[in-house]
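Source file structure.csv; content: CSV, C-alpha atoms and all ligand atoms.
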chain,number,residue,atom,x,y,z
P,216,MET,CA,118.9,75.2,97.4
P,217,ILE,CA,117.5,78.3,95.8
P,218,HIS,CA,120.4,80.7,95.0
P,219,THR,CA,120.0,84.0,93.2
P,220,ARG,CA,121.7,87.3,92.8
P,221,ILE,CA,119.9,88.5,96.0
P,222,CYS,CA,121.9,86.0,98.0
P,223,GLU,CA,125.2,87.4,96.6
P,224,ILE,CA,124.2,91.0,97.1
P,225,LEU,CA,122.9,90.7,100.7
P,226,GLY,CA,125.4,88.0,101.8
P,227,ILE,CA,122.7,85.5,102.8
P,228,GLU,CA,121.9,81.8,102.1
P,229,HIS,CA,118.2,82.0,101.2
P,230,PRO,CA,116.7,84.9,99.1
P,231,ILE,CA,114.1,85.6,101.8
P,232,ALA,CA,113.6,88.8,103.9
P,233,LEU,CA,111.6,89.7,107.0
P,234,GLY,CA,109.7,92.9,106.0
P,235,GLY,CA,111.1,96.0,107.7
P,236,MET,CA,108.3,96.4,110.3
P,237,PRO,CA,108.7,98.8,113.2
P,238,SER,CA,110.0,97.5,116.6
P,239,LYS,CA,106.5,97.1,118.0
P,240,PHE,CA,106.1,94.3,115.5
P,241,ASN,CA,109.6,93.1,114.8
P,242,SER,CA,112.2,92.8,117.6
P,243,PRO,CA,115.9,92.1,117.8
P,244,VAL,CA,115.0,88.5,118.7
P,245,LEU,CA,112.9,88.0,115.6
P,246,VAL,CA,115.4,89.7,113.4
P,247,ALA,CA,118.2,87.6,114.7
P,248,ALA,CA,116.2,84.4,114.4
P,249,VAL,CA,115.6,85.2,110.7
P,250,CYS,CA,119.3,86.1,110.1
P,251,ASN,CA,120.5,83.0,111.9
P,252,ALA,CA,118.3,80.9,109.6
P,253,GLY,CA,120.1,82.2,106.5
P,254,ALA,CA,117.6,84.9,105.5
P,255,ILE,CA,117.8,88.7,106.1
P,256,GLY,CA,116.0,90.3,109.1
P,257,MET,CA,114.9,93.9,108.8
P,258,ILE,CA,113.7,96.2,111.5
P,259,GLY,CA,112.2,99.7,111.3
P,260,SER,CA,114.3,102.6,112.6
P,261,THR,CA,111.8,105.3,111.9
P,262,HIS,CA,110.0,105.3,115.3
P,263,LEU,CA,113.2,105.0,117.3
P,264,ASP,CA,115.5,107.8,118.5
P,265,ALA,CA,119.2,107.7,117.9
P,266,ASP,CA,120.1,106.0,121.2
P,267,ALA,CA,117.4,103.4,120.7
P,268,ILE,CA,118.7,102.7,117.1
P,269,HIS,CA,122.2,102.1,118.5
P,270,ALA,CA,120.8,99.9,121.3
P,271,CYS,CA,118.7,97.9,118.8
P,272,ALA,CA,121.8,97.2,116.5
P,273,LYS,CA,123.7,96.1,119.6
P,274,SER,CA,120.9,93.8,120.7
P,275,ILE,CA,120.8,92.2,117.2
P,276,ARG,CA,124.5,91.8,117.1
P,277,LYS,CA,124.5,90.1,120.5
P,278,LEU,CA,122.3,87.4,118.9
P,279,THR,CA,123.8,87.1,115.4
P,280,ASN,CA,126.8,87.8,113.3
P,281,ALA,CA,124.8,87.6,110.1
P,282,PRO,CA,123.8,90.6,108.0
P,283,PHE,CA,120.7,92.6,109.0
P,284,ALA,CA,118.9,95.7,107.8
P,285,PHE,CA,117.4,98.9,109.2
P,286,ASN,CA,114.2,100.1,107.4
P,287,SER,CA,113.5,103.7,107.0
P,288,LEU,CA,110.0,104.9,106.2
P,289,MET,CA,111.4,107.8,104.2
P,290,PHE,CA,108.5,110.2,104.5
P,291,LEU,CA,108.6,110.0,108.4
P,292,SER,CA,112.3,109.6,109.0
P,293,ASP,CA,114.2,112.4,110.5
P,294,GLU,CA,117.8,113.3,109.7
P,295,ALA,CA,119.1,112.2,113.2
P,296,GLY,CA,117.4,108.8,112.9
P,297,PHE,CA,118.6,108.1,109.4
P,298,ALA,CA,122.1,109.2,110.4
P,299,ALA,CA,122.1,107.0,113.5
P,300,SER,CA,121.0,103.9,111.5
P,301,LEU,CA,123.9,104.6,109.1
P,302,GLU,CA,126.3,104.9,112.0
P,303,THR,CA,125.5,101.4,113.2
P,304,LYS,CA,126.7,100.2,109.7
P,305,PRO,CA,124.0,97.5,109.1
P,306,ALA,CA,124.8,95.4,106.0
P,307,VAL,CA,121.6,96.7,104.4
P,308,ILE,CA,119.4,99.8,104.4
P,309,SER,CA,115.8,99.2,103.4
P,310,LEU,CA,114.0,102.2,102.1
P,311,SER,CA,110.3,102.6,101.6
P,312,TRP,CA,107.5,105.2,101.0
P,313,PRO,CA,109.3,108.5,100.1
P,314,ARG,CA,107.5,111.7,99.5
P,315,LYS,CA,107.6,113.0,95.9
P,316,ASP,CA,110.0,115.8,96.9
P,317,GLN,CA,112.6,113.6,98.6
P,318,ASP,CA,116.0,113.0,97.0
P,319,VAL,CA,116.1,109.2,96.9
P,320,ALA,CA,119.5,109.2,95.2
P,321,ASP,CA,121.0,111.1,98.0
P,322,TRP,CA,119.7,108.7,100.6
P,323,ILE,CA,121.0,105.7,98.6
P,324,LYS,CA,124.4,107.4,98.1
P,325,ARG,CA,124.7,108.0,101.9
P,326,ALA,CA,124.0,104.4,102.6
P,327,HIS,CA,126.4,103.2,99.9
P,328,ASP,CA,129.1,105.6,101.2
P,329,VAL,CA,129.1,103.7,104.5
P,330,GLY,CA,129.1,100.3,102.8
P,331,CYS,CA,125.4,99.4,103.0
P,332,LYS,CA,123.5,97.7,100.2
P,333,VAL,CA,120.1,99.3,99.6
P,334,THR,CA,116.7,97.7,99.0
P,335,TYR,CA,113.9,100.0,97.8
P,336,MET,CA,110.2,99.1,98.0
P,337,ALA,CA,107.8,100.1,95.3
P,338,GLY,CA,104.0,99.5,94.9
P,339,ASP,CA,104.0,100.6,91.2
P,340,VAL,CA,106.3,100.7,88.2
P,341,ALA,CA,107.0,104.4,88.3
P,342,GLU,CA,108.2,104.1,92.0
P,343,ALA,CA,110.4,101.1,91.1
P,344,ILE,CA,112.0,103.0,88.2
P,345,ARG,CA,112.6,105.9,90.6
P,346,GLY,CA,114.4,103.6,93.0
P,347,ALA,CA,116.5,101.8,90.3
P,348,GLU,CA,117.5,105.0,88.6
P,349,ALA,CA,118.5,106.4,92.0
P,350,GLY,CA,120.9,103.5,92.4
P,351,ALA,CA,119.1,100.9,94.6
P,352,ASP,CA,120.7,97.5,94.6
P,353,ILE,CA,117.4,95.6,94.9
P,354,ILE,CA,113.8,96.7,94.2
P,355,VAL,CA,111.1,95.2,96.3
P,356,ALA,CA,107.9,94.9,94.3
P,357,GLN,CA,105.1,95.0,96.8
P,358,GLY,CA,101.6,94.0,95.8
P,359,THR,CA,98.3,95.1,97.3
P,360,GLU,CA,97.6,91.7,98.9
P,361,GLY,CA,100.2,92.4,101.6
P,362,GLY,CA,99.6,93.6,105.2
P,363,GLY,CA,100.3,97.1,106.4
P,364,HIS,CA,100.7,100.0,103.9
P,365,VAL,CA,100.3,98.8,100.3
P,366,GLY,CA,99.4,100.2,96.9
P,367,TRP,CA,96.7,99.1,94.5
P,368,MET,CA,98.4,96.7,92.1
P,369,GLY,CA,98.2,92.9,92.6
P,370,THR,CA,101.4,91.0,93.0
P,371,VAL,CA,101.0,88.7,90.0
P,372,ALA,CA,100.9,91.6,87.5
P,373,LEU,CA,103.2,93.9,89.4
P,374,ILE,CA,106.3,91.6,89.7
P,375,PRO,CA,106.9,91.0,86.0
P,376,LEU,CA,106.0,94.7,85.2
P,377,ILE,CA,108.6,95.8,87.6
P,378,VAL,CA,111.1,93.1,86.6
P,379,ASP,CA,110.9,94.3,83.0
P,380,ALA,CA,111.0,98.0,84.0
P,381,VAL,CA,114.1,97.9,86.2
P,382,THR,CA,116.2,95.1,84.6
P,383,PRO,CA,119.1,94.4,85.2
P,384,THR,CA,118.4,95.4,88.9
P,385,PRO,CA,117.1,92.3,90.7
P,386,VAL,CA,113.7,92.3,92.3
P,387,MET,CA,112.2,90.8,95.4
P,388,ALA,CA,108.5,90.1,95.6
P,389,ALA,CA,106.3,91.1,98.5
P,390,GLY,CA,102.6,90.9,99.2
P,391,GLY,CA,100.5,87.8,99.8
P,392,ILE,CA,103.4,85.3,100.0
P,393,ALA,CA,103.2,82.9,102.9
P,394,ASP,CA,104.3,79.5,101.6
P,395,GLY,CA,106.5,77.7,99.1
P,396,ARG,CA,103.9,78.0,96.4
P,397,GLY,CA,104.0,81.8,96.6
P,398,PHE,CA,107.8,81.7,96.7
P,399,ALA,CA,108.0,79.5,93.6
P,400,ALA,CA,105.4,81.6,91.8
P,401,ALA,CA,107.4,84.8,92.6
P,402,LEU,CA,110.5,83.2,91.1
P,403,ALA,CA,108.5,82.2,88.0
P,404,LEU,CA,107.3,85.8,87.6
P,405,GLY,CA,110.9,86.9,87.5
P,406,ALA,CA,111.6,87.9,91.1
P,407,GLU,CA,114.8,86.6,92.6
P,408,GLY,CA,113.7,86.6,96.2
P,409,ILE,CA,110.7,87.3,98.5
P,410,LEU,CA,110.0,89.6,101.4
P,411,LEU,CA,107.3,88.6,104.0
P,412,GLY,CA,105.5,90.5,106.7
P,413,THR,CA,102.3,88.7,107.8
P,414,ARG,CA,103.9,85.2,107.8
P,415,PHE,CA,106.5,86.4,110.3
P,416,LEU,CA,104.0,88.2,112.5
P,417,ALA,CA,102.6,84.7,113.1
P,418,SER,CA,105.9,83.3,114.3
P,419,LYS,CA,107.0,82.1,117.8
P,420,GLU,CA,109.5,84.9,118.2
P,421,CYS,CA,107.3,87.8,117.1
P,422,GLY,CA,106.3,89.9,120.2
P,423,ILE,CA,102.9,91.1,119.1
P,424,ASP,CA,99.9,90.4,121.3
P,425,ALA,CA,98.6,86.8,121.4
P,426,ASN,CA,95.2,88.1,120.2
P,427,TYR,CA,96.8,89.6,117.2
P,428,LYS,CA,98.4,86.3,116.3
P,429,GLN,CA,95.1,84.5,116.9
P,430,ALA,CA,93.4,86.9,114.5
P,431,ILE,CA,95.9,85.9,111.8
P,432,LEU,CA,95.3,82.2,112.5
P,433,ASP,CA,91.5,82.7,112.4
P,434,SER,CA,91.6,84.7,109.2
P,435,ASP,CA,90.2,83.0,106.1
P,436,GLY,CA,92.0,85.5,103.9
P,437,HIS,CA,88.8,87.3,102.9
P,438,ASP,CA,88.5,89.5,106.0
P,439,THR,CA,90.9,92.4,105.1
P,440,VAL,CA,90.2,95.7,103.4
P,441,LEU,CA,92.3,98.5,101.9
P,442,THR,CA,91.4,101.6,103.7
P,443,GLU,CA,92.6,105.1,104.7
P,444,ILE,CA,90.9,104.8,108.1
P,445,PRO,CA,94.1,103.9,110.1
P,446,ASP,CA,95.9,106.9,108.6
P,447,ILE,CA,93.1,109.3,109.4
P,448,ALA,CA,93.1,108.0,113.0
P,449,ALA,CA,96.9,108.5,113.1
P,450,SER,CA,96.6,112.0,111.5
P,451,GLN,CA,99.0,111.1,108.7
P,452,VAL,CA,99.0,111.1,104.9
P,453,TRP,CA,101.0,108.1,103.7
P,454,PRO,CA,102.5,108.8,100.3
P,455,GLY,CA,101.2,106.3,97.7
P,456,ALA,CA,99.5,103.9,100.0
P,457,MET,CA,96.5,103.0,102.1
P,458,SER,CA,96.5,100.3,104.8
P,459,ARG,CA,95.5,96.7,104.5
P,460,VAL,CA,93.9,95.8,107.8
P,461,LYS,CA,91.3,93.4,109.2
P,462,ARG,CA,87.8,94.5,108.5
P,463,ASN,CA,87.0,94.6,112.2
P,464,ARG,CA,84.4,96.7,114.2
P,465,PHE,CA,86.7,99.7,114.3
P,466,VAL,CA,87.0,99.8,110.5
P,467,GLU,CA,83.4,99.1,109.9
P,468,ARG,CA,82.3,101.8,112.2
P,469,TRP,CA,84.1,104.5,110.2
P,470,SER,CA,83.8,103.0,106.7
P,471,GLY,CA,82.0,105.5,104.4
P,472,ARG,CA,82.0,107.9,107.4
P,473,GLU,CA,85.6,109.0,107.3
P,474,TRP,CA,84.4,112.6,107.6
P,475,LEU,CA,82.9,111.8,110.9
P,476,LEU,CA,86.1,110.1,112.1
P,477,ARG,CA,88.0,113.3,111.2
P,478,GLN,CA,85.5,115.3,113.4
P,479,ASN,CA,85.8,112.8,116.3
P,480,LEU,CA,89.5,112.3,116.2
P,481,PRO,CA,90.5,112.8,119.9
P,482,GLU,CA,87.8,110.3,121.1
P,483,ALA,CA,88.6,107.8,118.3
P,484,VAL,CA,92.3,108.0,119.1
P,485,ALA,CA,91.8,107.5,122.8
P,486,SER,CA,89.6,104.5,122.1
P,487,VAL,CA,92.2,102.9,119.8
P,488,ARG,CA,94.9,103.4,122.4
P,489,ALA,CA,92.8,101.8,125.1
P,490,ALA,CA,92.0,98.8,122.8
P,491,ARG,CA,95.7,98.4,122.0
P,492,LYS,CA,96.5,98.3,125.8
P,493,THR,CA,94.0,95.5,126.4
P,494,GLY,CA,94.8,93.6,123.2
P,495,ASP,CA,91.2,94.2,121.9
P,496,THR,CA,91.6,93.2,118.2
P,497,ASP,CA,88.2,94.6,117.2
P,498,GLU,CA,88.6,98.2,118.3
P,499,ALA,CA,92.1,99.1,116.8
P,500,PRO,CA,93.5,98.7,113.3
P,501,LEU,CA,95.0,95.2,112.8
P,502,PHE,CA,97.4,95.1,110.0
P,503,TYR,CA,97.8,91.8,108.1
P,504,GLY,CA,97.7,90.6,104.5
P,505,GLN,CA,95.4,88.3,102.5
P,506,ASP,CA,97.9,85.6,102.9
P,507,ALA,CA,96.7,85.3,106.6
P,508,GLY,CA,94.3,82.8,105.2
P,509,LEU,CA,97.2,80.5,104.4
P,510,ILE,CA,98.7,80.7,107.9
P,511,LYS,CA,97.7,78.0,110.4
P,512,ASP,CA,100.4,77.8,113.0
P,513,LEU,CA,102.9,79.9,115.0
P,514,PRO,CA,106.3,78.2,114.3
P,515,PRO,CA,109.8,79.5,115.0
P,516,ALA,CA,111.0,81.8,112.3
P,517,ALA,CA,113.7,79.3,111.3
P,518,SER,CA,111.0,76.7,110.6
P,519,ILE,CA,109.1,79.2,108.4
P,520,ILE,CA,112.2,79.8,106.3
P,521,GLU,CA,113.1,76.0,106.1
P,522,ARG,CA,109.6,75.2,105.0
P,523,LEU,CA,109.5,78.1,102.4
P,524,VAL,CA,112.7,76.8,100.8
P,525,ALA,CA,111.8,73.1,100.9
P,526,ASP,CA,108.2,73.7,99.6
P,527,ALA,CA,109.4,76.0,96.8
P,528,GLU,CA,112.0,73.6,95.7
P,529,ASN,CA,109.4,70.8,95.7
P,530,GLN,CA,107.1,73.0,93.7
P,531,ILE,CA,109.7,73.7,91.1
P,532,THR,CA,111.4,70.3,90.8
P,533,THR,CA,108.4,68.0,91.3
P,534,SER,CA,104.9,69.5,91.1
P,535,LEU,CA,105.5,71.9,88.2
P,536,ALA,CA,108.0,69.6,86.4
P,537,GLN,CA,105.4,66.8,86.4
P,538,MET,CA,103.1,68.9,84.3
P,539,ILE,CA,105.5,69.0,81.4
P,540,HIS,CA,104.9,66.4,78.8
P,541,SER,CA,106.7,65.9,75.5
P,601,LIG,C1,102.2,95.3,110.6
P,601,LIG,C2,103.0,95.6,109.4
P,601,LIG,C3,103.9,96.7,109.5
P,601,LIG,C4,104.7,97.1,108.4
P,601,LIG,N1,105.5,98.1,108.4
P,601,LIG,C5,106.4,98.4,107.4
P,601,LIG,C6,107.4,99.4,107.5
P,601,LIG,O1,107.5,100.1,108.5
P,601,LIG,N2,108.2,99.5,106.5
P,601,LIG,C7,108.2,98.8,105.3
P,601,LIG,O2,109.0,98.9,104.4
P,601,LIG,N3,107.2,97.8,105.2
P,601,LIG,C8,106.3,97.6,106.2
P,601,LIG,N4,105.4,96.6,106.1
P,601,LIG,C9,105.2,95.9,104.8
P,601,LIG,C10,106.1,94.7,104.7
P,601,LIG,O3,107.4,95.2,104.6
P,601,LIG,C11,105.8,93.9,103.5
P,601,LIG,O4,105.9,94.6,102.3
P,601,LIG,C12,104.4,93.3,103.5
P,601,LIG,O5,104.1,92.8,104.8
P,601,LIG,C13,104.3,92.1,102.5
P,601,LIG,O6,103.1,91.5,102.5
P,601,LIG,P1,102.6,90.3,103.4
P,601,LIG,O7,102.2,90.9,104.7
P,601,LIG,O8,101.5,89.6,102.7
P,601,LIG,O9,103.8,89.4,103.6
P,601,LIG,C14,104.6,96.3,107.2
P,601,LIG,C15,103.7,95.2,107.1
P,601,LIG,C16,102.9,94.8,108.2
P,601,LIG,C17,102.1,93.6,108.2
Could you quickly redo this structure as structure tokens?
Amino acid sequence: MIHTRICEILGIEHPIALGGMPSKFNSPVLVAAVCNAGAIGMIGSTHLDADAIHACAKSIRKLTNAPFAFNSLMFLSDEAGFAASLETKPAVISLSWPRKDQDVADWIKRAHDVGCKVTYMAGDVAEAIRGAEAGADIIVAQGTEGGGHVGWMGTVALIPLIVDAVTPTPVMAAGGIADGRGFAAALALGAEGILLGTRFLASKECGIDANYKQAILDSDGHDTVLTEIPDIAASQVWPGAMSRVKRNRFVERWSGREWLLRQNLPEAVASVRAARKTGDTDEAPLFYGQDAGLIKDLPPAASIIERLVADAENQITTSLAQMIHS
């Protein structure tokens, strides 16, 4: 059993989190499956209105009594949405991607005032210090290998840099972790837990299109790219991040020709929408991390968690221990 301060703070058995992806990726069913397996499930509240946030919390609570989290993409979250997620009193609020002018301490205080613990995601040291100084209970150090919106620093360098910078605040590692080797490595680098996105997209309970899951299974890990093209197509400026996506036909068409994408936005957006409807994985942004290359099956979330723990324990107690000679 791997037990760290993260388990105590979040009230969970295993120091593992499902990344706070929006409900088009995560669902109450996936969140509850993760929670029932002893880890913490997170789900994005940002793209939901207040009623949908309450309904989402109710659906999760029908399936589990264990702690779960709502994630706010701070730069996009509106006051009503954040207030609604606090009203549901989740055990945890997960915060990520604030604008420079946002008052992080105030968000964290409001979450603490209703009894929530707060995790705060950072892709660089300055952002991690900002979260720790604002009172976050846990900092999530997210490396560029991860799927979705990520910064530029690799996980192996970033984790110890952030651990040192925010001590004594505990750190979870994210980005590029899909198996027990990555879990053990994160612990060795000073993290006390891990947060995973891509691995859980390729789970039985995840409701994404079957073609999306197949693209993750087919990935050799070398087929992603860090690009601003999805944000241009969504007409948004993401503070401190670009997107890690599959280098598919859509991305290759606009690479180096971002100016042209800006000028053909309505047509490009219509084409992305149509591709999403038909599950065409070549003509819309497809978010996943480099760790997709490590993913070969679509097991239930509980098996993913069981395997992560068993394999990490084996790495630490057997494989690594065998390398020590007196
Ligand atoms: C499709 C997708 C959507 C994501 N959306 C969010 C989000 O809304 N909020 C957030 O904090 N993190 C989000 N993430 C990032 C994850 O929380 C996590 O940091 C990342 O997936 C870790 O890297 P991995 O994919 O290699 O496990 C998203 C990731 C993916 C793959």
Nearby polymer residues, ligand LIG 601 (chain P), at most 6 Å, all atoms listed in the file, as a PyMOL selection string: chain P and resi 234-237+259+288+311+357+360-363+389-392+411-414+502-504+506
Please, could you write that set of residues out with C-alpha atoms as a PDB file, keeping the file's coordinate frame?
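Okay, out03.pdb is ready:
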ATOM      1  CA  GLY P 234     109.700  92.900 106.000  1.00  0.00           C
ATOM      2  CA  GLY P 235     111.100  96.000 107.700  1.00  0.00           C
ATOM      3  CA  MET P 236     108.300  96.400 110.300  1.00  0.00           C
ATOM      4  CA  PRO P 237     108.700  98.800 113.200  1.00  0.00           C
ATOM      5  CA  GLY P 259     112.200  99.700 111.300  1.00  0.00           C
ATOM      6  CA  LEU P 288     110.000 104.900 106.200  1.00  0.00           C
ATOM      7  CA  SER P 311     110.300 102.600 101.600  1.00  0.00           C
ATOM      8  CA  GLN P 357     105.100  95.000  96.800  1.00  0.00           C
ATOM      9  CA  GLU P 360      97.600  91.700  98.900  1.00  0.00           C
ATOM     10  CA  GLY P 361     100.200  92.400 101.600  1.00  0.00           C
ATOM     11  CA  GLY P 362      99.600  93.600 105.200  1.00  0.00           C
ATOM     12  CA  GLY P 363     100.300  97.100 106.400  1.00  0.00           C
ATOM     13  CA  ALA P 389     106.300  91.100  98.500  1.00  0.00           C
ATOM     14  CA  GLY P 390     102.600  90.900  99.200  1.00  0.00           C
ATOM     15  CA  GLY P 391     100.500  87.800  99.800  1.00  0.00           C
ATOM     16  CA  ILE P 392     103.400  85.300 100.000  1.00  0.00           C
ATOM     17  CA  LEU P 411     107.300  88.600 104.000  1.00  0.00           C
ATOM     18  CA  GLY P 412     105.500  90.500 106.700  1.00  0.00           C
ATOM     19  CA  THR P 413     102.300  88.700 107.800  1.00  0.00           C
ATOM     20  CA  ARG P 414     103.900  85.200 107.800  1.00  0.00           C
ATOM     21  CA  PHE P 502      97.400  95.100 110.000  1.00  0.00           C
ATOM     22  CA  TYR P 503      97.800  91.800 108.100  1.00  0.00           C
ATOM     23  CA  GLY P 504      97.700  90.600 104.500  1.00  0.00           C
ATOM     24  CA  ASP P 506      97.900  85.600 102.900  1.00  0.00           C
TER      25      ASP P 506
END
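Nearest residue to P:Glu482 among P:Gly366, P:Ala448, P:Glu467, P:Gln537 is P:Ala448, counting only C-alpha atoms.
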Distance of atom CA of P:Thr303 from atom CA of P:Val329, expressed in Å to one decimal place: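 We find that atom CA of P:Val329 and atom CA of P:Thr303 lie 9.7 Å from each other.
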Atomic distance atom CA of P:Ala247 - atom CA of P:Ile268, expressed in Å with one decimal: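 So the two atoms, atom CA of P:Ala247 and atom CA of P:Ile268, lie 15.3 Å apart.
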Considering all atoms listed in the file, tabulate each residue of stretch 314-365 of chain P that lies at most 6 Å from stretch 452-458 of chain P along with its nearest interatomic pair and the corresponding distance in Å to one decimal; arrange the rows by chain and ascending residue number and present them as a Markdown table.
| residue | atom | partner | partner_atom | distance |
| --- | --- | --- | --- | --- |
| P:Arg314 | CA | P:Pro454 | CA | 5.8 |
| P:Gly363 | CA | P:Ser458 | CA | 5.2 |
| P:His364 | CA | P:Ser458 | CA | 4.3 |
| P:Val365 | CA | P:Ala456 | CA | 5.2 |
Who sits within 6 Å of P:Lys419, only C-alpha atoms, same chain under 5 positions skipped, as a PyMOL selection string: chain P and resi 513-515
P:Thr359, P:Thr533, P:Cys331, P:Gly296 ranked by distance to P:Ala284, top pick (using only C-alpha atoms): P:Cys331
Spatial neighbours of P:Thr496, 7 Å, all atoms listed in the file, chain gap at least 3 places, as a ChimeraX atom specification: /P:426-427,499,501
Show me, as JSON, the centre and edge lengths in Å to one decimal of the axis-aligned box that covers every listed atom of stretch 385-397 of chain P with 5 Å on each side.
{"center_x": 108.8, "center_y": 85.0, "center_z": 96.8, "size_x": 26.6, "size_y": 24.6, "size_z": 22.2}
Computed interatomic separation between atom CA of P:Ser450 and atom CA of P:Arg488 (Å):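 For atom CA of P:Ser450 relative to atom CA of P:Arg488, the distance reads 14.0 Å.
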List as a tab-separated table (two decimals) with C-alpha atoms, in the coordinates of the input the protein and nucleic acid residues near P:Gln478, meaning an atom at most 12 Å away when all atoms listed in the file are counted, but skip any in the same chain fewer than 4 places from it.
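The result, stored in out_11.tsv:
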chain	number	residue	atom	x	y	z
P	447	ILE	CA	93.10	109.30	109.40
P	448	ALA	CA	93.10	108.00	113.00
P	450	SER	CA	96.60	112.00	111.50
P	469	TRP	CA	84.10	104.50	110.20
P	472	ARG	CA	82.00	107.90	107.40
P	473	GLU	CA	85.60	109.00	107.30
P	474	TRP	CA	84.40	112.60	107.60
P	482	GLU	CA	87.80	110.30	121.10
P	483	ALA	CA	88.60	107.80	118.30
P	484	VAL	CA	92.30	108.00	119.10
Counting only C-alpha atoms, which residues have an atom no more than 9 Å from (92.2, 103.4, 103.6) in the file's coordinates? Please list them as a PDB file with C-alpha atoms, keeping the file's coordinate frame.
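Saved result, result-v6.pdb, follows:
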ATOM      1  CA  VAL P 440      90.200  95.700 103.400  1.00  0.00           C
ATOM      2  CA  LEU P 441      92.300  98.500 101.900  1.00  0.00           C
ATOM      3  CA  THR P 442      91.400 101.600 103.700  1.00  0.00           C
ATOM      4  CA  GLU P 443      92.600 105.100 104.700  1.00  0.00           C
ATOM      5  CA  ILE P 444      90.900 104.800 108.100  1.00  0.00           C
ATOM      6  CA  PRO P 445      94.100 103.900 110.100  1.00  0.00           C
ATOM      7  CA  ASP P 446      95.900 106.900 108.600  1.00  0.00           C
ATOM      8  CA  ILE P 447      93.100 109.300 109.400  1.00  0.00           C
ATOM      9  CA  ALA P 456      99.500 103.900 100.000  1.00  0.00           C
ATOM     10  CA  MET P 457      96.500 103.000 102.100  1.00  0.00           C
ATOM     11  CA  SER P 458      96.500 100.300 104.800  1.00  0.00           C
ATOM     12  CA  ARG P 459      95.500  96.700 104.500  1.00  0.00           C
ATOM     13  CA  VAL P 460      93.900  95.800 107.800  1.00  0.00           C
ATOM     14  CA  SER P 470      83.800 103.000 106.700  1.00  0.00           C
TER      15      SER P 470
END
Expected residue set, 9 Å radius at (117.4, 108.9, 96.3), all atoms listed in the file, as a list in words: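 Output: Pro313, Gln317, Asp318, Val319, Ala320, Asp321, Trp322, Ile323, Lys324, Arg345, Gly346, Glu348, Ala349, Gly350 and Ala351 of chain P.
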Nearest to P:Ala425, chosen from P:Gly494, P:Thr279, P:Gly395, P:Pro375, with only C-alpha atoms counted in the distances: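 The closest residue to P:Ala425 is P:Gly494.
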Nearest to P:Glu228 by atom-to-atom distance, counting all atoms listed in the file, from P:Ile520, P:Cys421, P:Val333, P:Ala380: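 Closest to P:Glu228 of all the choices is P:Ile520.
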Among listed residues P:Asp339, P:Ala517, P:Gly358, P:Lys511, nearest P:Asp435 (using only C-alpha atoms): P:Lys511
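If you measure from each of P:Glu498, P:Asp438, P:Asp394, P:Asp424 to P:Arg522 using all atoms listed in the file, the closest one turns out to be P:Asp394.
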Polymer residues at most 12 Å from P:Ser518, all atoms listed in the file, same-chain spacing of 4 or more positions, as a list in words: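 Close residues of P:Ser518: Ala248, Val249, Asn251, Ala252, Gly253, Ala254, Asp394, Arg414, Phe415, Ala417, Ser418, Lys419, Glu420, Asp512, Leu513, Pro514, Arg522, Leu523, Val524, Ala525 and Asp526 of chain P.
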